[in-house]
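Asker: Sharing structure.cif (mmCIF, C-alpha atoms and all ligand atoms) below.
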data_run
loop_
_atom_site.label_atom_id
_atom_site.label_comp_id
_atom_site.auth_asym_id
_atom_site.auth_seq_id
_atom_site.Cartn_x
_atom_site.Cartn_y
_atom_site.Cartn_z
CA MET G 6 11.83 -10.85 8.59
CA ILE G 7 12.40 -13.46 5.86
CA GLU G 8 9.75 -15.65 7.53
CA LEU G 9 7.27 -12.75 7.30
CA LEU G 10 8.10 -12.32 3.62
CA ARG G 11 7.79 -16.05 2.96
CA LYS G 12 4.23 -15.96 4.28
CA ARG G 13 3.25 -12.53 2.90
CA ARG G 14 0.20 -12.33 0.65
CA SER G 15 -2.22 -9.54 -0.15
CA ILE G 16 -5.37 -9.96 1.94
CA ARG G 17 -8.63 -8.46 0.68
CA SER G 18 -11.14 -10.19 3.01
CA TYR G 19 -11.51 -9.08 6.61
CA THR G 20 -13.58 -9.95 9.66
CA THR G 21 -15.95 -7.29 10.99
CA ASP G 22 -13.64 -6.69 14.00
CA SER G 23 -12.19 -3.22 14.35
CA ILE G 24 -8.46 -2.82 14.88
CA GLU G 25 -7.33 -2.28 18.46
CA PRO G 26 -6.17 1.33 19.06
CA GLU G 27 -2.73 0.12 20.23
CA MET G 28 -2.27 -1.67 16.90
CA VAL G 29 -3.29 1.46 14.99
CA ARG G 30 -0.70 3.43 17.00
CA THR G 31 1.97 0.85 16.09
CA LEU G 32 1.04 1.10 12.40
CA VAL G 33 1.31 4.90 12.54
CA GLU G 34 4.72 4.60 14.20
CA ALA G 35 5.85 2.28 11.38
CA LEU G 36 4.81 4.88 8.79
CA LEU G 37 6.71 7.63 10.56
CA ARG G 38 9.85 5.46 10.88
CA ALA G 39 10.04 4.94 7.10
CA PRO G 40 13.27 6.20 5.53
CA THR G 41 13.01 9.01 2.97
CA SER G 42 15.39 10.51 0.45
CA ARG G 43 17.45 13.27 2.10
CA ASN G 44 15.20 12.76 5.15
CA LEU G 45 12.72 15.18 3.54
CA LYS G 46 9.59 13.24 4.59
CA PRO G 47 7.39 14.44 1.70
CA TRP G 48 4.50 12.24 2.85
CA SER G 49 1.37 12.66 4.90
CA PHE G 50 -0.93 9.87 6.04
CA ILE G 51 -4.69 9.94 6.52
CA VAL G 52 -5.89 7.24 8.91
CA VAL G 53 -9.49 6.45 7.96
CA GLU G 54 -11.70 4.37 10.27
CA ASP G 55 -14.98 6.15 9.47
CA ARG G 56 -17.21 3.50 7.82
CA ASP G 57 -18.97 6.00 5.60
CA LEU G 58 -15.65 7.37 4.28
CA LEU G 59 -14.25 3.85 3.78
CA GLY G 60 -17.32 3.05 1.70
CA LYS G 61 -16.78 6.14 -0.44
CA LEU G 62 -13.04 5.44 -0.75
CA SER G 63 -13.88 1.91 -1.92
CA GLU G 64 -15.41 3.58 -5.00
CA SER G 65 -12.16 5.39 -5.88
CA LYS G 66 -11.66 3.12 -8.91
CA GLU G 67 -13.93 0.95 -11.04
CA HIS G 68 -11.70 -2.08 -10.34
CA GLY G 69 -9.40 -3.02 -7.50
CA SER G 70 -10.70 -0.90 -4.61
CA SER G 71 -14.17 -2.28 -3.74
CA PHE G 72 -12.92 -4.55 -0.91
CA LEU G 73 -12.01 -1.43 1.12
CA ARG G 74 -15.74 -1.11 1.94
CA ARG G 75 -15.40 -4.14 4.24
CA ALA G 76 -12.05 -3.11 5.82
CA PRO G 77 -12.01 -1.49 9.27
CA LEU G 78 -9.01 0.68 8.38
CA GLY G 79 -7.63 2.44 5.32
CA ILE G 80 -4.45 4.48 5.32
CA VAL G 81 -4.33 7.04 2.53
CA ILE G 82 -0.70 7.75 1.65
CA CYS G 83 -0.10 11.20 0.15
CA GLY G 84 3.05 12.86 -1.16
CA ASP G 85 4.02 16.46 -1.82
CA PRO G 86 6.02 16.92 -5.06
CA ARG G 87 7.13 20.36 -3.83
CA VAL G 88 9.05 18.72 -1.00
CA SER G 89 10.80 15.97 -2.97
CA ASP G 90 11.09 14.82 -6.60
CA VAL G 91 11.18 11.22 -5.36
CA TRP G 92 8.01 11.40 -3.25
CA THR G 93 6.59 8.31 -4.99
CA GLU G 94 9.53 6.21 -3.79
CA ASP G 95 9.23 7.62 -0.26
CA CYS G 96 5.48 6.95 -0.16
CA SER G 97 5.96 3.41 -1.51
CA ILE G 98 8.55 2.58 1.14
CA ALA G 99 6.20 3.77 3.91
CA ALA G 100 3.40 1.72 2.34
CA ILE G 101 5.27 -1.56 2.20
CA LEU G 102 6.66 -1.05 5.70
CA VAL G 103 3.20 -0.53 7.17
CA GLN G 104 1.97 -3.62 5.30
CA THR G 105 4.81 -5.68 6.74
CA VAL G 106 4.25 -4.41 10.28
CA ALA G 107 0.52 -5.10 9.87
CA GLN G 108 1.37 -8.69 8.95
CA SER G 109 3.68 -8.98 11.98
CA LEU G 110 0.66 -7.99 14.14
CA GLY G 111 -1.47 -10.76 12.59
CA LEU G 112 -3.37 -8.31 10.38
CA GLY G 113 -3.96 -8.60 6.63
CA SER G 114 -3.53 -5.78 4.14
CA CYS G 115 -3.63 -4.87 0.47
CA TRP G 116 -2.28 -1.94 -1.53
CA ILE G 117 -4.81 0.01 -3.61
CA GLN G 118 -3.06 1.97 -6.36
CA ILE G 119 -4.33 5.55 -6.79
CA ARG G 120 -1.58 7.49 -8.57
CA GLN G 121 -2.04 7.25 -12.37
CA ARG G 122 -5.44 5.57 -11.99
CA ARG G 123 -8.88 6.84 -13.05
CA HIS G 124 -12.05 7.13 -11.00
CA ASP G 125 -14.17 7.27 -14.17
CA GLU G 126 -13.85 8.76 -17.65
CA ASN G 127 -14.18 12.29 -16.26
CA SER G 128 -11.93 12.26 -13.21
CA THR G 129 -8.83 10.69 -11.76
CA ALA G 130 -8.87 8.53 -8.63
CA ASP G 131 -6.56 11.12 -7.08
CA ASN G 132 -9.04 13.97 -7.63
CA TYR G 133 -11.96 11.87 -6.37
CA ILE G 134 -10.09 11.30 -3.08
CA ARG G 135 -8.86 14.90 -2.98
CA ASP G 136 -12.47 16.12 -2.99
CA LEU G 137 -13.63 13.48 -0.51
CA LEU G 138 -10.90 14.07 2.09
CA GLY G 139 -10.06 17.73 1.44
CA ILE G 140 -6.50 17.14 0.25
CA PRO G 141 -4.96 20.40 -1.02
CA GLU G 142 -3.18 20.79 -4.38
CA PRO G 143 -0.46 19.90 -5.26
CA VAL G 144 -0.40 17.07 -2.68
CA GLN G 145 -0.99 13.77 -4.51
CA VAL G 146 -2.39 10.41 -3.40
CA GLU G 147 -0.03 7.50 -4.02
CA CYS G 148 -2.15 4.65 -2.67
CA ILE G 149 -4.49 3.45 0.04
CA ILE G 150 -3.46 0.55 2.27
CA ALA G 151 -6.52 -1.46 3.33
CA ILE G 152 -5.98 -3.25 6.65
CA GLY G 153 -8.06 -5.62 8.76
CA HIS G 154 -8.15 -8.89 10.64
CA PRO G 155 -7.94 -11.54 7.90
CA SER G 156 -11.05 -13.65 7.30
CA ILE G 157 -9.17 -15.93 4.92
CA ALA G 158 -5.75 -17.57 4.89
CA ARG G 159 -3.80 -17.47 1.64
CA GLU G 160 -1.16 -20.00 0.73
CA PRO G 161 2.40 -18.67 0.70
CA VAL G 162 4.14 -18.61 -2.68
CA PRO G 163 6.42 -21.70 -2.73
CA ALA G 164 10.15 -21.02 -3.11
CA SER G 165 10.08 -23.13 -6.29
CA GLU G 166 7.79 -20.52 -7.93
CA LEU G 167 10.07 -17.53 -7.35
CA ASP G 168 11.25 -15.77 -10.54
CA TYR G 169 14.93 -16.52 -10.19
CA HIS G 170 15.33 -15.94 -13.95
CA LYS G 171 14.89 -12.21 -13.22
CA VAL G 172 18.14 -12.21 -11.25
CA LYS G 173 21.31 -11.62 -13.28
CA ARG G 174 24.97 -12.10 -12.51
CA ASN G 175 27.30 -9.16 -13.24
CA ARG G 176 25.68 -8.40 -16.63
CA PHE G 177 22.02 -8.26 -17.67
CA SER G 178 22.59 -11.03 -20.19
CA ASP G 179 23.95 -13.53 -17.67
CA PRO G 180 21.60 -15.44 -15.38
CA TRP G 181 22.40 -15.53 -11.67
CA GLN G 182 21.43 -19.21 -11.64
CA GLU G 183 22.29 -21.68 -14.41
C1 LIG G 201 2.20 -0.93 -6.61
C2 LIG G 201 1.09 -1.90 -6.31
C3 LIG G 201 -0.21 -1.60 -6.69
C4 LIG G 201 -1.26 -2.48 -6.40
N1 LIG G 201 -2.54 -2.09 -6.68
C5 LIG G 201 -3.55 -2.91 -6.31
C6 LIG G 201 -4.91 -2.47 -6.47
O1 LIG G 201 -5.18 -1.35 -6.91
N2 LIG G 201 -5.90 -3.31 -6.09
C7 LIG G 201 -5.62 -4.57 -5.58
O2 LIG G 201 -6.58 -5.29 -5.26
N3 LIG G 201 -4.35 -5.01 -5.40
C8 LIG G 201 -3.32 -4.20 -5.74
N4 LIG G 201 -2.03 -4.59 -5.50
C9 LIG G 201 -1.75 -5.94 -4.95
C10 LIG G 201 -1.19 -6.86 -6.05
O3 LIG G 201 -2.24 -7.22 -6.91
C11 LIG G 201 -0.53 -8.09 -5.39
O4 LIG G 201 0.54 -7.67 -4.58
C12 LIG G 201 -0.02 -9.06 -6.45
O5 LIG G 201 -1.08 -9.60 -7.21
C13 LIG G 201 0.76 -10.22 -5.83
O6 LIG G 201 -0.03 -10.91 -4.88
P1 LIG G 201 0.48 -11.08 -3.38
O7 LIG G 201 0.67 -9.68 -2.81
O8 LIG G 201 -0.57 -11.85 -2.67
O9 LIG G 201 1.80 -11.81 -3.43
C14 LIG G 201 -0.97 -3.73 -5.76
C15 LIG G 201 0.33 -4.03 -5.41
C16 LIG G 201 1.36 -3.13 -5.65
C17 LIG G 201 2.76 -3.47 -5.19
#
Go ahead and express the file in the form of structure tokens.
Ligand SMILES: Cc1cc2nc3c(=O)[nH]c(=O)nc-3n(C[C@H](O)[C@H](O)[C@H](O)COP(=O)(O)O)c2cc1C
Answerer:
Amino acid sequence: MIELLRKRRSIRSYTTDSIEPEMVRTLVEALLRAPTSRNLKPWSFIVVEDRDLLGKLSESKEHGSSFLRRAPLGIVICGDPRVSDVWTEDCSIAAILVQTVAQSLGLGSCWIQIRQRRHDENSTADNYIRDLLGIPEPVQVECIIAIGHPSIAREPVPASELDYHKVKRNRFSDPWQE
């Protein structure tokens, strides 16, 4: 696991290859194995492989979603606030788990933030996707995870660049490392 994390980078460039159905099934299993507060499972997941829909989803935001157009797979992660007040945490855990499992399969992925983001000055990214995919109120979209076979390799972040100053010892004022 730590070796996966040492090599982990967001990947936004993909080959034109589709993702093997067995891999998609493994990714779905990873989502469904994510832990949730009180085991309430407030999430739902929309697996999108339709090229036309991926193109439209890539226009969810003005910045930071366009690369989804060239991804063979997008997983839209939704949460239901009626089911749990901590649905954002539950959705985020499922998202990072599926990204990590994707990496373990040799795939590349990147998170696209939707919650709290705008589509344009008139509508939110959430409402744009709601209309596109028929998501009922009050279910919300947390994010989309773009996944594909990487067409680039990104350098791992060296251990020497980790933000150890953000780690404290016992009290906030005291650094963990001198
Ligand atoms: C909560 C969250 C939201 C993010 N939203 C976006 C996004 O909308 N578009 C994007 O291209 N990358 C997005 N990213 C990816 C980050 O930009 C990326 O993780 C960060 O720059 C560090 O790079 P690395 O993942 O390669 O280490 C998001 C990541 C997280 C954790």
Asker: Could you give me the axis-aligned bounding box of ligand LIG 201 (chain G), with 4 Å of padding per side, as centre plus edge lengths in Å to one decimal, as AutoDock Vina command-line options?
Answerer:
--center_x -1.9 --center_y -6.4 --center_z -4.9 --size_x 17.3 --size_y 18.9 --size_z 12.5
Asker: Out of G:Cys148, G:Ala130, G:Leu112, G:Val88, which residue has the shortest atom-to-atom distance to Glu25 of chain G when counting all atoms listed in the file?
Answerer: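 Among the listed residues, G:Leu112 lies closest to Glu25 of chain G.
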Asker: Just want the 10 Å neighbourhood of His68 of chain G, counted on only C-alpha atoms, with same-chain residues fewer than 5 positions away dropped. Output as a ChimeraX atom specification.
Answerer: /G:63,117,123-124
Asker: Suppose we keep C-alpha atoms; can you now write the selection as a compact mmCIF listing (two decimals), in the frame of the given file?
Answerer:
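The resulting file, again_29.txt, is reproduced below:
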# COMPACT_ATOMS: atom_id res chain seq x y z
CA SER G 63 -13.88 1.91 -1.92
CA ILE G 117 -4.81 0.01 -3.61
CA ARG G 123 -8.88 6.84 -13.05
CA HIS G 124 -12.05 7.13 -11.00
Asker: Counting all atoms listed in the file, what residues are within 8 Å of ligand LIG 201 (chain G), given as a list of chain:residue names?
Answerer: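 My answer, listing the contacting residues, is G:Arg13, G:Arg14, G:Ser15, G:Ile16, G:Arg17, G:His68, G:Gly69, G:Ser70, G:Phe72, G:Ser97, G:Cys115, G:Trp116, G:Ile117, G:Gln118, G:Ile119, G:Cys148, G:Arg159, G:Val162.
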Asker: Mind pulling up the distance from atom CA of Leu10 of chain G to atom CA of Arg30 of chain G?
Answerer: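 Interatomic distance, atom CA of Arg30 of chain G to atom CA of Leu10 of chain G: 22.5 Å.
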Asker: Please identify all polymer residues within 8 Å of Leu59 of chain G, counting all atoms listed in the file, omitting same-chain residues fewer than 4 positions from it, and present them as a list in words.
Answerer: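 Within the cut-off, the hits are Val53, Glu54, Asp55, Ser63, Leu73, Arg74, Ala76, Pro77, Leu78 and Gly79 of chain G.
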Asker: Between atom CA of Leu58 of chain G and atom CA of Ile80 of chain G, measure the distance and give it in Å to one decimal.
Answerer: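 One can read the atom CA of Leu58 of chain G to atom CA of Ile80 of chain G distance as 11.6 Å.
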Asker: Distance atom CA of Pro40 of chain G-atom CA of Ile152 of chain G, one decimal place?
Answerer: 21.5 Å
